[in-house]
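Worksheet: one structure, shown below.
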Amino acid sequence: MVPSIRHGAPMQASDAPSLAQFPALAGLSAPIARRIAVAAVSRRYVRHAVLFRAGDAPAALHFVLGGRVRVARRVEGASSVLHFEDVGGVLGEIPVFGGGPYPATATAVSAVRCAVLSLDVVERLLREEPEFARFALSRLARRAHVVLQRLDELSAYTVTARLAAYLCDVANRDDAGVIELGMSQAALADQLGTAREVLVRSLRALCDAGAIRRIGRSRFALSDADALRTMGRPRGSAGLSAPR
């Protein structure tokens, strides 16, 4: 496995304020947020580095200050993506706050910078600060909601529907209706919870339905916005049917 660039160093002066103002810590009082920022350690990870592995004993909370992290677990020999965390994301809440080993493996999609709060510090904060204990309960509830939402997406929407919804979102950001995938087909398949071969078939299905047309490598033009929206609906919705 690819190691991190640095095992750990005290938070730099430029990092501490950014962690104290971290979105996930917004509900905490300034003294508690500052206490977390001071206790955290700065770590950097190269692309493909593993932050933690499924089955390992929990060691720390990771606050993502830069880059993107993929969280996945292996199911029946295949990798199943649970979620991605970008700047502002938090990793490790379930085992750190709830106990048990890490349920999934976190891997750096790009170069990643994290503020890492060790398990010892977390446990001390839980004992000493009721406010932090309420924060922990809130983070556990939020993580459970994210996981359930992901399960709903995978069960209620076909791959073609998930792809259509993603492309709709991309198209809405471009006045000319040009759709850039924004990543490799393999990376997009990973994000949508499928295999690259299935993603390619779904792209072909959207083109065959007249919703989009290919205009270059990983570039498409929006041909029929209504058709694309219809194909982005969940299973059982009225309208155009989409292959799984």
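Following the order of the structure tokens, chains are lettered A, B, ..., residues in each are numbered from 1, and ligands are numbered from 1.
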Taking the DSSP assignment computed from this structure's backbone, write out as a VMD selection string all residues of region 196-237 of chain A that belong to alpha helix (DSSP H). chain A and resid 196 to 208 225 to 231
I'd like the contact shell of Ala106 (chain A) - 8 Å cut-off, only C-alpha atoms, skipping same-chain residues fewer than 6 positions apart - returned as a PDB file with C-alpha atoms, in the first residue's frame.
ATOM      1  CA  VAL A  50      -4.498   4.576   2.757  1.00  0.00           C
ATOM      2  CA  LEU A  51      -5.650   6.691   5.719  1.00  0.00           C
ATOM      3  CA  PHE A  52      -7.068   3.655   7.531  1.00  0.00           C
ATOM      4  CA  ARG A  53      -8.167   0.127   6.662  1.00  0.00           C
ATOM      5  CA  VAL A  69     -10.932  10.738   0.128  1.00  0.00           C
ATOM      6  CA  ARG A  70     -12.764   7.613  -1.034  1.00  0.00           C
ATOM      7  CA  VAL A  71     -14.349   5.366   1.599  1.00  0.00           C
ATOM      8  CA  ALA A  72     -15.153   1.828   0.426  1.00  0.00           C
TER       9      ALA A  72
END
Between CA of His145 (chain A) and CA of Gly232 (chain A) - distance in Å to one decimal: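 Answer for the CA of Gly232 (chain A) to CA of His145 (chain A) separation: 22.0 Å.
Nearest residue to Arg150 (chain A), choosing from A:Gly193, A:Gly182, A:Gly177, A:Gly92 and counting only C-alpha atoms: A:Gly193.
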With DSSP run on the backbone, what are the strand (DSSP E or B) residues within region 98-132 of chain A? I'd like them as a ChimeraX atom specification. /A:105-108,112-118
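Of the listed residues A:Ala37, A:Ala209, A:Val146, A:Ala104, the one whose atoms come nearest to Arg74 (chain A) is A:Ala104, with distances taken using only C-alpha atoms.
The shortest atom-to-atom distance to Leu188 (chain A), with only C-alpha atoms taken into account, belongs to A:Val81 out of A:Leu119, A:Val81, A:Val38, A:Leu125.
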Non-local contacts of Ala176 (chain A) (12 Å; only C-alpha atoms; under 4 positions in same chain excluded) as a list in words: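 Once the adjacent positions are removed, what remains is Val170, Ala171, Asn172, Glu180, Phe220, Ala221, Leu222 and Ser223 of chain A.
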Go through A:Arg143, A:Arg43, A:Arg219, A:Arg235 and flag the residue nearest Cys114 (chain A), using only C-alpha atoms for the distances.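 Once distances to Cys114 (chain A) are computed over only C-alpha atoms, the minimum belongs to A:Arg43.
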